[in-house]
Amino acid sequence: MPATTRVPLSALDLVPVSEGRGVADALHEAVALAQRLETSGYRRLWYAEHHNTEAFASSATAVLIGQALAATRTLRVGSGGIMLPNHVPLTVAESFGTLAHMHPGRVELGLGRAPGTDMRTALELRRGQAGHDTFESDVRRLVRLFGGQEQEHVKAVVARGADVPLWILGSSTGGAEVAARLGLPYAFASHFAPAMIMDAIALYRQRFDAGAPTATVERPHVMVAANVLAADTAEEARRQFTTHQLLVRGITRNDRRPLQPPADRVELSAAEAAMVEQHLAVSAVGTPDQVVADLEQIVEITRADELMLNSYAHDPEVRARSYELVAHAW
């Protein structure tokens with residue numbers, strides 16, 4: 001695949017907290033990473049909302065977005081995503097509308113229907129109100145709030161007319177259905193739940209409605225997420241990638257501790273090995289050229305319009321350099 005036809009690269013950040021370092025370190029490193037991603041030519045940076053975990057400091061997503069926008073000049077920054085069941089659409093519109101007026105043309109809003117946490121925490125975020133699924137109606141409300149608000153009795157003045165592109169995120173055919181019906185771009189979370197990637201993308205493309213009142217793109221637009229770890233040698237890349245494998249092992253054990261240092265060997269039961277393999281199936285690990293070759297194959301198979309890269313390393317410098325090596329080789 002010639003370089004001129006390669007799709008744009010973007011980055012996902014959950015603001016990982018490494019063992020031996022604190023939340024403040026992770027937050028400062030997130031800002032520094034945003035600046036390096038911009039310099040390396042990444043199109044966008046998204047932060048993912050997570051709660052009640054020692055491993056990530058990405059709970060206050062809109063605050064992180066604001067910090068990254070203030071520290072950069074051209075990078076598009078958004079959510080990957082805001083977990084909409086945890087929030088009232090009005091407050092989401094007000095937060096992102098405010099950001100969009102402060103940083104015109106650079107703010108994006110990816111929306112997910114999962115809680116981004118365990119169910120006990122989800123209930124607290126929703127103040128005990130575990131009602132029926134209102135995801136699609138909430139997305140439609142956001143479209144109206146970012147529009148003219150003519151039919152809205154309660155208005156989000158700071159959101160009216162704000163240029164905030166909406167994306168639907170998903171890891172199953174459910175999110176693909178919503179994205180297709182509303183005519184919105186679709187990002188598939190194949191960096192942690194790749195099992196239904198081909199079915200979801202196919203359904204989205206087949207049912208996409210460019211004529212929907214909520215449509216913002218003329219044709220289906222798919223972004224695929226992939227895990228990456230690039231280093232000078234394949235051996236070093238594989239060693240650094242054990243941090244990610246240990247993270248997934250911890251999830252299977254309900255042990256969500258901070259990122260662990262790389263290991264010479266990751267001890268896994270048969271069930272854990274199957275879970276790690278499934279979770280990390282869409283990954284590219286090795287030298288920059290090897291990573292690029294694997295990413296090209298992912299694009300060829302999925303026909304993705306864009307790639308969003310996710311990377312973990314215990315040493316934040318290793319992680320930042322991995323992103324830089326991939327971008328340079330791409």
# chains A, B, ... in the order shown; residues from 1 in each chain; ligands from 1
>>> closest_atom_pairs(of="region 216-321 of chain A", to="region 17-29 of chain A", cutoff="6 Å", atoms="only C-alpha atoms", output="tab-separated table")
residue	atom	partner	partner_atom	distance
A:Pro258	CA	A:Ser18	CA	5.1
A:Leu259	CA	A:Ser18	CA	4.4
A:Gln260	CA	A:Glu19	CA	5.8
A:His314	CA	A:Ser18	CA	5.4
>>> residues_around(residues="region 87-99 of chain A", least_positions_apart="5", cutoff="10 Å", atoms="only C-alpha atoms", output="PDB file with N, CA, C and O atoms, in the first residue's frame")
ATOM      1  N   ALA A  62     -13.925  15.570  29.977  1.00  0.00           N
ATOM      2  CA  ALA A  62     -13.972  16.924  29.420  1.00  0.00           C
ATOM      3  C   ALA A  62     -12.834  17.792  29.962  1.00  0.00           C
ATOM      4  O   ALA A  62     -12.306  18.650  29.242  1.00  0.00           O
ATOM      5  N   VAL A  63     -12.445  17.568  31.219  1.00  0.00           N
ATOM      6  CA  VAL A  63     -11.328  18.330  31.795  1.00  0.00           C
ATOM      7  C   VAL A  63     -10.029  17.985  31.075  1.00  0.00           C
ATOM      8  O   VAL A  63      -9.233  18.869  30.729  1.00  0.00           O
ATOM      9  N   ILE A  65      -9.714  16.875  28.035  1.00  0.00           N
ATOM     10  CA  ILE A  65      -9.798  17.439  26.687  1.00  0.00           C
ATOM     11  C   ILE A  65      -9.419  18.914  26.716  1.00  0.00           C
ATOM     12  O   ILE A  65      -8.658  19.396  25.864  1.00  0.00           O
ATOM     13  N   GLY A  66      -9.931  19.642  27.686  1.00  0.00           N
ATOM     14  CA  GLY A  66      -9.610  21.058  27.794  1.00  0.00           C
ATOM     15  C   GLY A  66      -8.134  21.308  27.999  1.00  0.00           C
ATOM     16  O   GLY A  66      -7.556  22.227  27.394  1.00  0.00           O
ATOM     17  N   LEU A  69      -6.302  20.582  24.680  1.00  0.00           N
ATOM     18  CA  LEU A  69      -6.557  21.646  23.707  1.00  0.00           C
ATOM     19  C   LEU A  69      -5.719  22.880  24.017  1.00  0.00           C
ATOM     20  O   LEU A  69      -5.166  23.512  23.116  1.00  0.00           O
ATOM     21  N   GLY A  78     -10.896  14.973  21.527  1.00  0.00           N
ATOM     22  CA  GLY A  78     -12.269  14.629  21.853  1.00  0.00           C
ATOM     23  C   GLY A  78     -12.370  13.452  22.790  1.00  0.00           C
ATOM     24  O   GLY A  78     -11.405  13.070  23.458  1.00  0.00           O
ATOM     25  N   SER A  79     -13.547  12.871  22.812  1.00  0.00           N
ATOM     26  CA  SER A  79     -13.846  11.764  23.725  1.00  0.00           C
ATOM     27  C   SER A  79     -13.991  10.471  22.944  1.00  0.00           C
ATOM     28  O   SER A  79     -14.593  10.437  21.887  1.00  0.00           O
ATOM     29  N   ILE A  82     -17.355   9.654  25.684  1.00  0.00           N
ATOM     30  CA  ILE A  82     -18.253   9.961  26.786  1.00  0.00           C
ATOM     31  C   ILE A  82     -19.260   8.815  26.874  1.00  0.00           C
ATOM     32  O   ILE A  82     -19.926   8.479  25.899  1.00  0.00           O
ATOM     33  N   PRO A 104     -12.287  26.577  18.476  1.00  0.00           N
ATOM     34  CA  PRO A 104     -13.144  26.302  17.314  1.00  0.00           C
ATOM     35  C   PRO A 104     -12.543  25.266  16.358  1.00  0.00           C
ATOM     36  O   PRO A 104     -11.353  25.304  16.049  1.00  0.00           O
ATOM     37  N   GLY A 105     -13.399  24.334  15.925  1.00  0.00           N
ATOM     38  CA  GLY A 105     -13.004  23.356  14.922  1.00  0.00           C
ATOM     39  C   GLY A 105     -12.110  22.245  15.402  1.00  0.00           C
ATOM     40  O   GLY A 105     -11.623  21.446  14.598  1.00  0.00           O
ATOM     41  N   ARG A 106     -11.887  22.143  16.717  1.00  0.00           N
ATOM     42  CA  ARG A 106     -10.937  21.138  17.219  1.00  0.00           C
ATOM     43  C   ARG A 106     -11.555  20.158  18.210  1.00  0.00           C
ATOM     44  O   ARG A 106     -10.870  19.235  18.656  1.00  0.00           O
ATOM     45  N   VAL A 107     -12.818  20.322  18.547  1.00  0.00           N
ATOM     46  CA  VAL A 107     -13.441  19.501  19.585  1.00  0.00           C
ATOM     47  C   VAL A 107     -14.342  18.447  18.950  1.00  0.00           C
ATOM     48  O   VAL A 107     -15.132  18.754  18.051  1.00  0.00           O
ATOM     49  N   GLU A 108     -14.233  17.196  19.422  1.00  0.00           N
ATOM     50  CA  GLU A 108     -15.035  16.096  18.894  1.00  0.00           C
ATOM     51  C   GLU A 108     -15.682  15.341  20.048  1.00  0.00           C
ATOM     52  O   GLU A 108     -15.136  15.294  21.154  1.00  0.00           O
ATOM     53  N   LEU A 109     -16.820  14.733  19.774  1.00  0.00           N
ATOM     54  CA  LEU A 109     -17.585  14.042  20.817  1.00  0.00           C
ATOM     55  C   LEU A 109     -17.945  12.635  20.366  1.00  0.00           C
ATOM     56  O   LEU A 109     -18.874  12.439  19.589  1.00  0.00           O
ATOM     57  N   PRO A 115     -21.182   1.669  30.434  1.00  0.00           N
ATOM     58  CA  PRO A 115     -20.918   2.535  31.581  1.00  0.00           C
ATOM     59  C   PRO A 115     -19.457   2.906  31.758  1.00  0.00           C
ATOM     60  O   PRO A 115     -19.149   3.886  32.435  1.00  0.00           O
ATOM     61  N   LEU A 125     -23.091   6.509  39.498  1.00  0.00           N
ATOM     62  CA  LEU A 125     -23.019   7.587  38.517  1.00  0.00           C
ATOM     63  C   LEU A 125     -24.414   8.005  38.053  1.00  0.00           C
ATOM     64  O   LEU A 125     -24.665   9.181  37.777  1.00  0.00           O
ATOM     65  N   ARG A 126     -25.316   7.038  37.993  1.00  0.00           N
ATOM     66  CA  ARG A 126     -26.686   7.320  37.559  1.00  0.00           C
ATOM     67  C   ARG A 126     -27.607   7.599  38.744  1.00  0.00           C
ATOM     68  O   ARG A 126     -28.819   7.603  38.601  1.00  0.00           O
ATOM     69  N   PHE A 135     -30.053   5.504  24.944  1.00  0.00           N
ATOM     70  CA  PHE A 135     -28.870   5.970  24.229  1.00  0.00           C
ATOM     71  C   PHE A 135     -29.228   6.711  22.941  1.00  0.00           C
ATOM     72  O   PHE A 135     -28.802   7.855  22.728  1.00  0.00           O
ATOM     73  N   SER A 137     -32.055   8.046  21.869  1.00  0.00           N
ATOM     74  CA  SER A 137     -32.808   9.288  22.078  1.00  0.00           C
ATOM     75  C   SER A 137     -31.922  10.368  22.673  1.00  0.00           C
ATOM     76  O   SER A 137     -32.078  11.563  22.346  1.00  0.00           O
ATOM     77  N   ASP A 138     -30.956   9.981  23.508  1.00  0.00           N
ATOM     78  CA  ASP A 138     -30.017  10.959  24.068  1.00  0.00           C
ATOM     79  C   ASP A 138     -29.106  11.528  22.982  1.00  0.00           C
ATOM     80  O   ASP A 138     -28.791  12.722  22.987  1.00  0.00           O
ATOM     81  N   VAL A 139     -28.677  10.676  22.043  1.00  0.00           N
ATOM     82  CA  VAL A 139     -27.856  11.164  20.932  1.00  0.00           C
ATOM     83  C   VAL A 139     -28.666  12.149  20.085  1.00  0.00           C
ATOM     84  O   VAL A 139     -28.163  13.209  19.693  1.00  0.00           O
ATOM     85  N   ARG A 140     -29.914  11.805  19.802  1.00  0.00           N
ATOM     86  CA  ARG A 140     -30.763  12.714  19.029  1.00  0.00           C
ATOM     87  C   ARG A 140     -30.933  14.055  19.755  1.00  0.00           C
ATOM     88  O   ARG A 140     -30.948  15.120  19.125  1.00  0.00           O
ATOM     89  N   ARG A 141     -31.053  14.009  21.068  1.00  0.00           N
ATOM     90  CA  ARG A 141     -31.175  15.258  21.834  1.00  0.00           C
ATOM     91  C   ARG A 141     -29.896  16.074  21.690  1.00  0.00           C
ATOM     92  O   ARG A 141     -29.939  17.300  21.545  1.00  0.00           O
ATOM     93  N   LEU A 142     -28.752  15.432  21.736  1.00  0.00           N
ATOM     94  CA  LEU A 142     -27.499  16.159  21.571  1.00  0.00           C
ATOM     95  C   LEU A 142     -27.409  16.814  20.198  1.00  0.00           C
ATOM     96  O   LEU A 142     -26.933  17.945  20.068  1.00  0.00           O
ATOM     97  N   VAL A 143     -27.853  16.109  19.171  1.00  0.00           N
ATOM     98  CA  VAL A 143     -27.868  16.698  17.829  1.00  0.00           C
ATOM     99  C   VAL A 143     -28.682  17.981  17.836  1.00  0.00           C
ATOM    100  O   VAL A 143     -28.276  19.011  17.271  1.00  0.00           O
ATOM    101  N   ARG A 144     -29.841  17.948  18.498  1.00  0.00           N
ATOM    102  CA  ARG A 144     -30.689  19.147  18.550  1.00  0.00           C
ATOM    103  C   ARG A 144     -30.033  20.257  19.374  1.00  0.00           C
ATOM    104  O   ARG A 144     -30.105  21.433  19.013  1.00  0.00           O
ATOM    105  N   LEU A 145     -29.377  19.887  20.462  1.00  0.00           N
ATOM    106  CA  LEU A 145     -28.758  20.892  21.326  1.00  0.00           C
ATOM    107  C   LEU A 145     -27.571  21.573  20.650  1.00  0.00           C
ATOM    108  O   LEU A 145     -27.301  22.751  20.893  1.00  0.00           O
ATOM    109  N   PHE A 146     -26.857  20.843  19.792  1.00  0.00           N
ATOM    110  CA  PHE A 146     -25.756  21.451  19.048  1.00  0.00           C
ATOM    111  C   PHE A 146     -26.249  22.159  17.779  1.00  0.00           C
ATOM    112  O   PHE A 146     -25.469  22.783  17.075  1.00  0.00           O
ATOM    113  N   VAL A 154     -35.787  23.579  27.071  1.00  0.00           N
ATOM    114  CA  VAL A 154     -34.597  23.871  27.869  1.00  0.00           C
ATOM    115  C   VAL A 154     -33.423  23.923  26.913  1.00  0.00           C
ATOM    116  O   VAL A 154     -33.123  22.941  26.234  1.00  0.00           O
ATOM    117  N   LYS A 155     -32.760  25.046  26.845  1.00  0.00           N
ATOM    118  CA  LYS A 155     -31.717  25.252  25.844  1.00  0.00           C
ATOM    119  C   LYS A 155     -30.332  25.239  26.482  1.00  0.00           C
ATOM    120  O   LYS A 155     -30.158  25.623  27.633  1.00  0.00           O
ATOM    121  N   ALA A 156     -29.362  24.778  25.710  1.00  0.00           N
ATOM    122  CA  ALA A 156     -27.953  24.857  26.096  1.00  0.00           C
ATOM    123  C   ALA A 156     -27.341  25.963  25.250  1.00  0.00           C
ATOM    124  O   ALA A 156     -26.849  25.722  24.147  1.00  0.00           O
ATOM    125  N   VAL A 157     -27.388  27.165  25.751  1.00  0.00           N
ATOM    126  CA  VAL A 157     -27.001  28.320  24.952  1.00  0.00           C
ATOM    127  C   VAL A 157     -25.564  28.206  24.454  1.00  0.00           C
ATOM    128  O   VAL A 157     -25.256  28.534  23.303  1.00  0.00           O
ATOM    129  N   VAL A 158     -24.660  27.710  25.292  1.00  0.00           N
ATOM    130  CA  VAL A 158     -23.247  27.628  24.892  1.00  0.00           C
ATOM    131  C   VAL A 158     -23.012  26.546  23.841  1.00  0.00           C
ATOM    132  O   VAL A 158     -21.939  26.499  23.230  1.00  0.00           O
ATOM    133  N   ALA A 159     -24.004  25.675  23.632  1.00  0.00           N
ATOM    134  CA  ALA A 159     -23.852  24.609  22.636  1.00  0.00           C
ATOM    135  C   ALA A 159     -24.497  24.967  21.302  1.00  0.00           C
ATOM    136  O   ALA A 159     -24.189  24.333  20.285  1.00  0.00           O
ATOM    137  N   ARG A 160     -25.370  25.963  21.277  1.00  0.00           N
ATOM    138  CA  ARG A 160     -26.130  26.269  20.072  1.00  0.00           C
ATOM    139  C   ARG A 160     -25.186  26.615  18.906  1.00  0.00           C
ATOM    140  O   ARG A 160     -24.365  27.522  19.000  1.00  0.00           O
ATOM    141  N   GLY A 161     -25.306  25.847  17.829  1.00  0.00           N
ATOM    142  CA  GLY A 161     -24.502  26.108  16.641  1.00  0.00           C
ATOM    143  C   GLY A 161     -23.036  25.758  16.780  1.00  0.00           C
ATOM    144  O   GLY A 161     -22.245  26.060  15.880  1.00  0.00           O
ATOM    145  N   ALA A 162     -22.657  25.110  17.881  1.00  0.00           N
ATOM    146  CA  ALA A 162     -21.251  24.751  18.071  1.00  0.00           C
ATOM    147  C   ALA A 162     -20.863  23.644  17.086  1.00  0.00           C
ATOM    148  O   ALA A 162     -21.625  22.715  16.840  1.00  0.00           O
ATOM    149  N   ASP A 163     -19.689  23.752  16.543  1.00  0.00           N
ATOM    150  CA  ASP A 163     -19.197  22.772  15.568  1.00  0.00           C
ATOM    151  C   ASP A 163     -18.528  21.626  16.316  1.00  0.00           C
ATOM    152  O   ASP A 163     -17.315  21.610  16.498  1.00  0.00           O
ATOM    153  N   VAL A 164     -19.340  20.675  16.779  1.00  0.00           N
ATOM    154  CA  VAL A 164     -18.838  19.525  17.530  1.00  0.00           C
ATOM    155  C   VAL A 164     -19.262  18.253  16.800  1.00  0.00           C
ATOM    156  O   VAL A 164     -20.410  17.807  16.935  1.00  0.00           O
TER     157      VAL A 164
END
>>> closest_atom_pairs(of="region 283-319 of chain A", to="region 32-43 of chain A", cutoff="12 Å", atoms="only C-alpha atoms", output="JSON lines")
{"residue": "A:Glu306", "atom": "CA", "partner": "A:Arg43", "partner_atom": "CA", "distance": 9.6}
{"residue": "A:Leu307", "atom": "CA", "partner": "A:Arg43", "partner_atom": "CA", "distance": 9.9}
{"residue": "A:Met308", "atom": "CA", "partner": "A:Tyr42", "partner_atom": "CA", "distance": 9.4}
{"residue": "A:Leu309", "atom": "CA", "partner": "A:Tyr42", "partner_atom": "CA", "distance": 9.9}
{"residue": "A:Ser311", "atom": "CA", "partner": "A:Leu33", "partner_atom": "CA", "distance": 11.7}
{"residue": "A:Pro316", "atom": "CA", "partner": "A:Leu33", "partner_atom": "CA", "distance": 8.7}
{"residue": "A:Glu317", "atom": "CA", "partner": "A:Leu33", "partner_atom": "CA", "distance": 9.1}
{"residue": "A:Val318", "atom": "CA", "partner": "A:Leu33", "partner_atom": "CA", "distance": 11.2}
{"residue": "A:Arg319", "atom": "CA", "partner": "A:Leu33", "partner_atom": "CA", "distance": 8.9}
>>> select_by_dssp(residues="region 136-326 of chain A", states="helix (DSSP H, G or I)", output="JSON, numbers by chain")
{"A": [136, 137, 138, 139, 140, 141, 142, 143, 144, 145, 157, 158, 159, 173, 174, 175, 176, 177, 178, 179, 180, 181, 182, 197, 198, 199, 200, 201, 202, 203, 204, 205, 206, 207, 234, 235, 236, 237, 238, 239, 240, 241, 242, 243, 244, 245, 246, 247, 248, 249, 250, 251, 252, 270, 271, 272, 273, 274, 275, 276, 277, 278, 279, 288, 289, 290, 291, 292, 293, 294, 295, 296, 297, 298, 299, 300, 301, 302, 316, 317, 318, 319, 320, 321, 322, 323, 324, 325, 326]}
>>> atom_distance(atom1="CA of Leu184 (chain A)", atom2="CA of Ala212 (chain A)")
9.3 Å
>>> select_by_dssp(residues="region 138-234 of chain A", states="strand (DSSP E)", output="CSV table (one decimal) with N, CA, C and O atoms, in the first residue's frame")
chain,number,residue,atom,x,y,z
A,166,LEU,N,-20.1,14.6,16.0
A,166,LEU,CA,-20.5,13.4,16.9
A,166,LEU,C,-20.1,12.1,16.2
A,166,LEU,O,-20.3,12.0,15.0
A,167,TRP,N,-19.6,11.2,17.0
A,167,TRP,CA,-19.3,9.9,16.5
A,167,TRP,C,-20.0,8.9,17.4
A,167,TRP,O,-20.2,9.1,18.6
A,168,ILE,N,-20.4,7.7,16.9
A,168,ILE,CA,-20.9,6.7,17.7
A,168,ILE,C,-19.8,5.6,17.9
A,168,ILE,O,-19.2,5.2,16.9
A,169,LEU,N,-19.6,5.2,19.1
A,169,LEU,CA,-18.6,4.2,19.4
A,169,LEU,C,-19.3,2.9,19.6
A,169,LEU,O,-20.5,2.9,20.1
A,170,GLY,N,-18.6,1.8,19.4
A,170,GLY,CA,-19.3,0.5,19.6
A,170,GLY,C,-18.3,-0.7,19.6
A,170,GLY,O,-17.2,-0.6,19.0
A,186,TYR,N,-18.7,6.1,12.6
A,186,TYR,CA,-18.7,5.0,13.5
A,186,TYR,C,-17.3,4.6,13.8
A,186,TYR,O,-16.4,4.4,12.9
A,187,ALA,N,-17.0,4.4,15.1
A,187,ALA,CA,-15.6,4.0,15.6
A,187,ALA,C,-15.8,2.7,16.3
A,187,ALA,O,-16.6,2.6,17.3
A,188,PHE,N,-15.1,1.6,15.9
A,188,PHE,CA,-15.2,0.3,16.5
A,188,PHE,C,-14.1,0.0,17.5
A,188,PHE,O,-12.9,0.2,17.2
A,222,VAL,N,-15.8,4.8,8.8
A,222,VAL,CA,-15.4,3.8,9.8
A,222,VAL,C,-14.0,4.1,10.3
A,222,VAL,O,-13.0,4.2,9.5
A,223,MET,N,-13.9,4.2,11.6
A,223,MET,CA,-12.5,4.2,12.3
A,223,MET,C,-12.4,2.9,13.1
A,223,MET,O,-13.3,2.5,13.8
A,224,VAL,N,-11.2,2.3,12.9
A,224,VAL,CA,-10.9,1.0,13.6
A,224,VAL,C,-9.8,1.3,14.6
A,224,VAL,O,-8.8,1.9,14.3
A,225,ALA,N,-10.0,0.8,15.8
A,225,ALA,CA,-9.0,0.9,16.9
A,225,ALA,C,-8.0,-0.3,16.9
A,225,ALA,O,-8.5,-1.4,16.7
A,226,ALA,N,-6.7,-0.1,17.1
A,226,ALA,CA,-5.8,-1.1,17.2
A,226,ALA,C,-4.7,-0.8,18.3
A,226,ALA,O,-4.4,0.3,18.5
A,227,ASN,N,-4.3,-1.9,18.9
A,227,ASN,CA,-3.2,-1.7,19.9
A,227,ASN,C,-1.9,-1.8,19.2
A,227,ASN,O,-1.7,-2.5,18.2
A,228,VAL,N,-0.9,-0.9,19.6
A,228,VAL,CA,0.4,-0.9,19.0
A,228,VAL,C,1.5,-0.8,20.1
A,228,VAL,O,1.2,-0.2,21.2
A,229,LEU,N,2.6,-1.4,19.8
A,229,LEU,CA,3.8,-1.1,20.6
A,229,LEU,C,5.0,-1.3,19.6
A,229,LEU,O,5.3,-2.4,19.1
A,230,ALA,N,5.7,-0.2,19.3
A,230,ALA,CA,6.8,-0.2,18.4
A,230,ALA,C,8.1,0.1,19.2
A,230,ALA,O,8.1,1.0,20.1
>>> closest_residue(among="A:His279, A:His103, A:Arg205, A:Arg238", to="Arg265 (chain A)", atoms="only C-alpha atoms")
A:Arg238
>>> closest_residue(among="A:Ala313, A:Ala320, A:Ala304, A:Ala189", to="Ala30 (chain A)", atoms="only C-alpha atoms")
A:Ala320
>>> closest_residue(among="A:Leu268, A:Ala193, A:Leu45, A:Met102", to="Leu9 (chain A)", atoms="only C-alpha atoms")
A:Leu45
>>> closest_residue(among="A:Phe192, A:Phe208, A:Tyr312, A:Phe56", to="Arg239 (chain A)", atoms="only C-alpha atoms")
A:Tyr312
>>> closest_residue(among="A:Ala293, A:Ala179, A:Val285, A:Leu84", to="His244 (chain A)", atoms="only C-alpha atoms")
A:Val285
>>> decode(residues="region 259-267 of chain A", atoms="all heavy atoms", output="mmCIF file, in the first residue's frame")
data_model
loop_
_atom_site.group_PDB
_atom_site.id
_atom_site.type_symbol
_atom_site.label_atom_id
_atom_site.label_comp_id
_atom_site.auth_asym_id
_atom_site.auth_seq_id
_atom_site.Cartn_x
_atom_site.Cartn_y
_atom_site.Cartn_z
ATOM 1 N N LEU A 259 -0.391 0.001 35.893
ATOM 2 C CA LEU A 259 0.408 -0.730 34.905
ATOM 3 C C LEU A 259 1.665 -1.284 35.537
ATOM 4 O O LEU A 259 2.379 -0.591 36.264
ATOM 5 C CB LEU A 259 0.794 0.201 33.750
ATOM 6 C CG LEU A 259 -0.312 0.799 32.892
ATOM 7 C CD1 LEU A 259 0.293 1.458 31.657
ATOM 8 C CD2 LEU A 259 -1.346 -0.242 32.496
ATOM 9 N N GLN A 260 1.942 -2.543 35.215
ATOM 10 C CA GLN A 260 3.094 -3.232 35.776
ATOM 11 C C GLN A 260 4.311 -3.116 34.852
ATOM 12 O O GLN A 260 4.169 -2.953 33.636
ATOM 13 C CB GLN A 260 2.770 -4.712 35.971
ATOM 14 C CG GLN A 260 1.591 -4.949 36.901
ATOM 15 C CD GLN A 260 1.875 -4.446 38.305
ATOM 16 O OE1 GLN A 260 2.767 -4.935 38.989
ATOM 17 N NE2 GLN A 260 1.120 -3.437 38.731
ATOM 18 N N PRO A 261 5.527 -3.204 35.406
ATOM 19 C CA PRO A 261 6.724 -3.194 34.554
ATOM 20 C C PRO A 261 6.715 -4.387 33.604
ATOM 21 O O PRO A 261 6.062 -5.405 33.871
ATOM 22 C CB PRO A 261 7.872 -3.306 35.566
ATOM 23 C CG PRO A 261 7.288 -2.899 36.875
ATOM 24 C CD PRO A 261 5.850 -3.306 36.841
ATOM 25 N N PRO A 262 7.415 -4.296 32.480
ATOM 26 C CA PRO A 262 7.476 -5.434 31.555
ATOM 27 C C PRO A 262 8.099 -6.649 32.225
ATOM 28 O O PRO A 262 8.937 -6.522 33.122
ATOM 29 C CB PRO A 262 8.331 -4.916 30.393
ATOM 30 C CG PRO A 262 9.066 -3.742 30.945
ATOM 31 C CD PRO A 262 8.200 -3.152 31.993
ATOM 32 N N ALA A 263 7.666 -7.813 31.775
ATOM 33 C CA ALA A 263 8.126 -9.066 32.371
ATOM 34 C C ALA A 263 8.781 -9.930 31.311
ATOM 35 O O ALA A 263 8.471 -9.827 30.123
ATOM 36 C CB ALA A 263 6.952 -9.807 32.998
ATOM 37 N N ASP A 264 9.689 -10.801 31.752
ATOM 38 C CA ASP A 264 10.308 -11.746 30.819
ATOM 39 C C ASP A 264 9.291 -12.786 30.357
ATOM 40 O O ASP A 264 9.380 -13.307 29.244
ATOM 41 C CB ASP A 264 11.504 -12.434 31.481
ATOM 42 C CG ASP A 264 12.646 -11.468 31.764
ATOM 43 O OD1 ASP A 264 12.786 -10.488 31.012
ATOM 44 O OD2 ASP A 264 13.372 -11.686 32.749
ATOM 45 N N ARG A 265 8.311 -13.067 31.227
ATOM 46 C CA ARG A 265 7.319 -14.083 30.898
ATOM 47 C C ARG A 265 6.022 -13.735 31.628
ATOM 48 O O ARG A 265 6.042 -13.342 32.792
ATOM 49 C CB ARG A 265 7.807 -15.472 31.318
ATOM 50 C CG ARG A 265 6.832 -16.606 31.054
ATOM 51 C CD ARG A 265 7.413 -17.928 31.535
ATOM 52 N NE ARG A 265 6.456 -19.011 31.433
ATOM 53 C CZ ARG A 265 6.188 -19.695 30.335
ATOM 54 N NH1 ARG A 265 6.830 -19.385 29.222
ATOM 55 N NH2 ARG A 265 5.307 -20.667 30.328
ATOM 56 N N VAL A 266 4.897 -13.873 30.946
ATOM 57 C CA VAL A 266 3.592 -13.633 31.554
ATOM 58 C C VAL A 266 2.939 -14.983 31.831
ATOM 59 O O VAL A 266 2.627 -15.736 30.904
ATOM 60 C CB VAL A 266 2.691 -12.783 30.632
ATOM 61 C CG1 VAL A 266 1.317 -12.597 31.267
ATOM 62 C CG2 VAL A 266 3.339 -11.434 30.355
ATOM 63 N N GLU A 267 2.773 -15.295 33.097
ATOM 64 C CA GLU A 267 2.181 -16.574 33.494
ATOM 65 C C GLU A 267 0.659 -16.495 33.350
ATOM 66 O O GLU A 267 0.008 -15.635 33.945
ATOM 67 C CB GLU A 267 2.537 -16.907 34.944
ATOM 68 C CG GLU A 267 4.032 -17.059 35.204
ATOM 69 C CD GLU A 267 4.618 -18.292 34.523
ATOM 70 O OE1 GLU A 267 3.815 -19.212 34.175
ATOM 71 O OE2 GLU A 267 5.843 -18.348 34.358
#
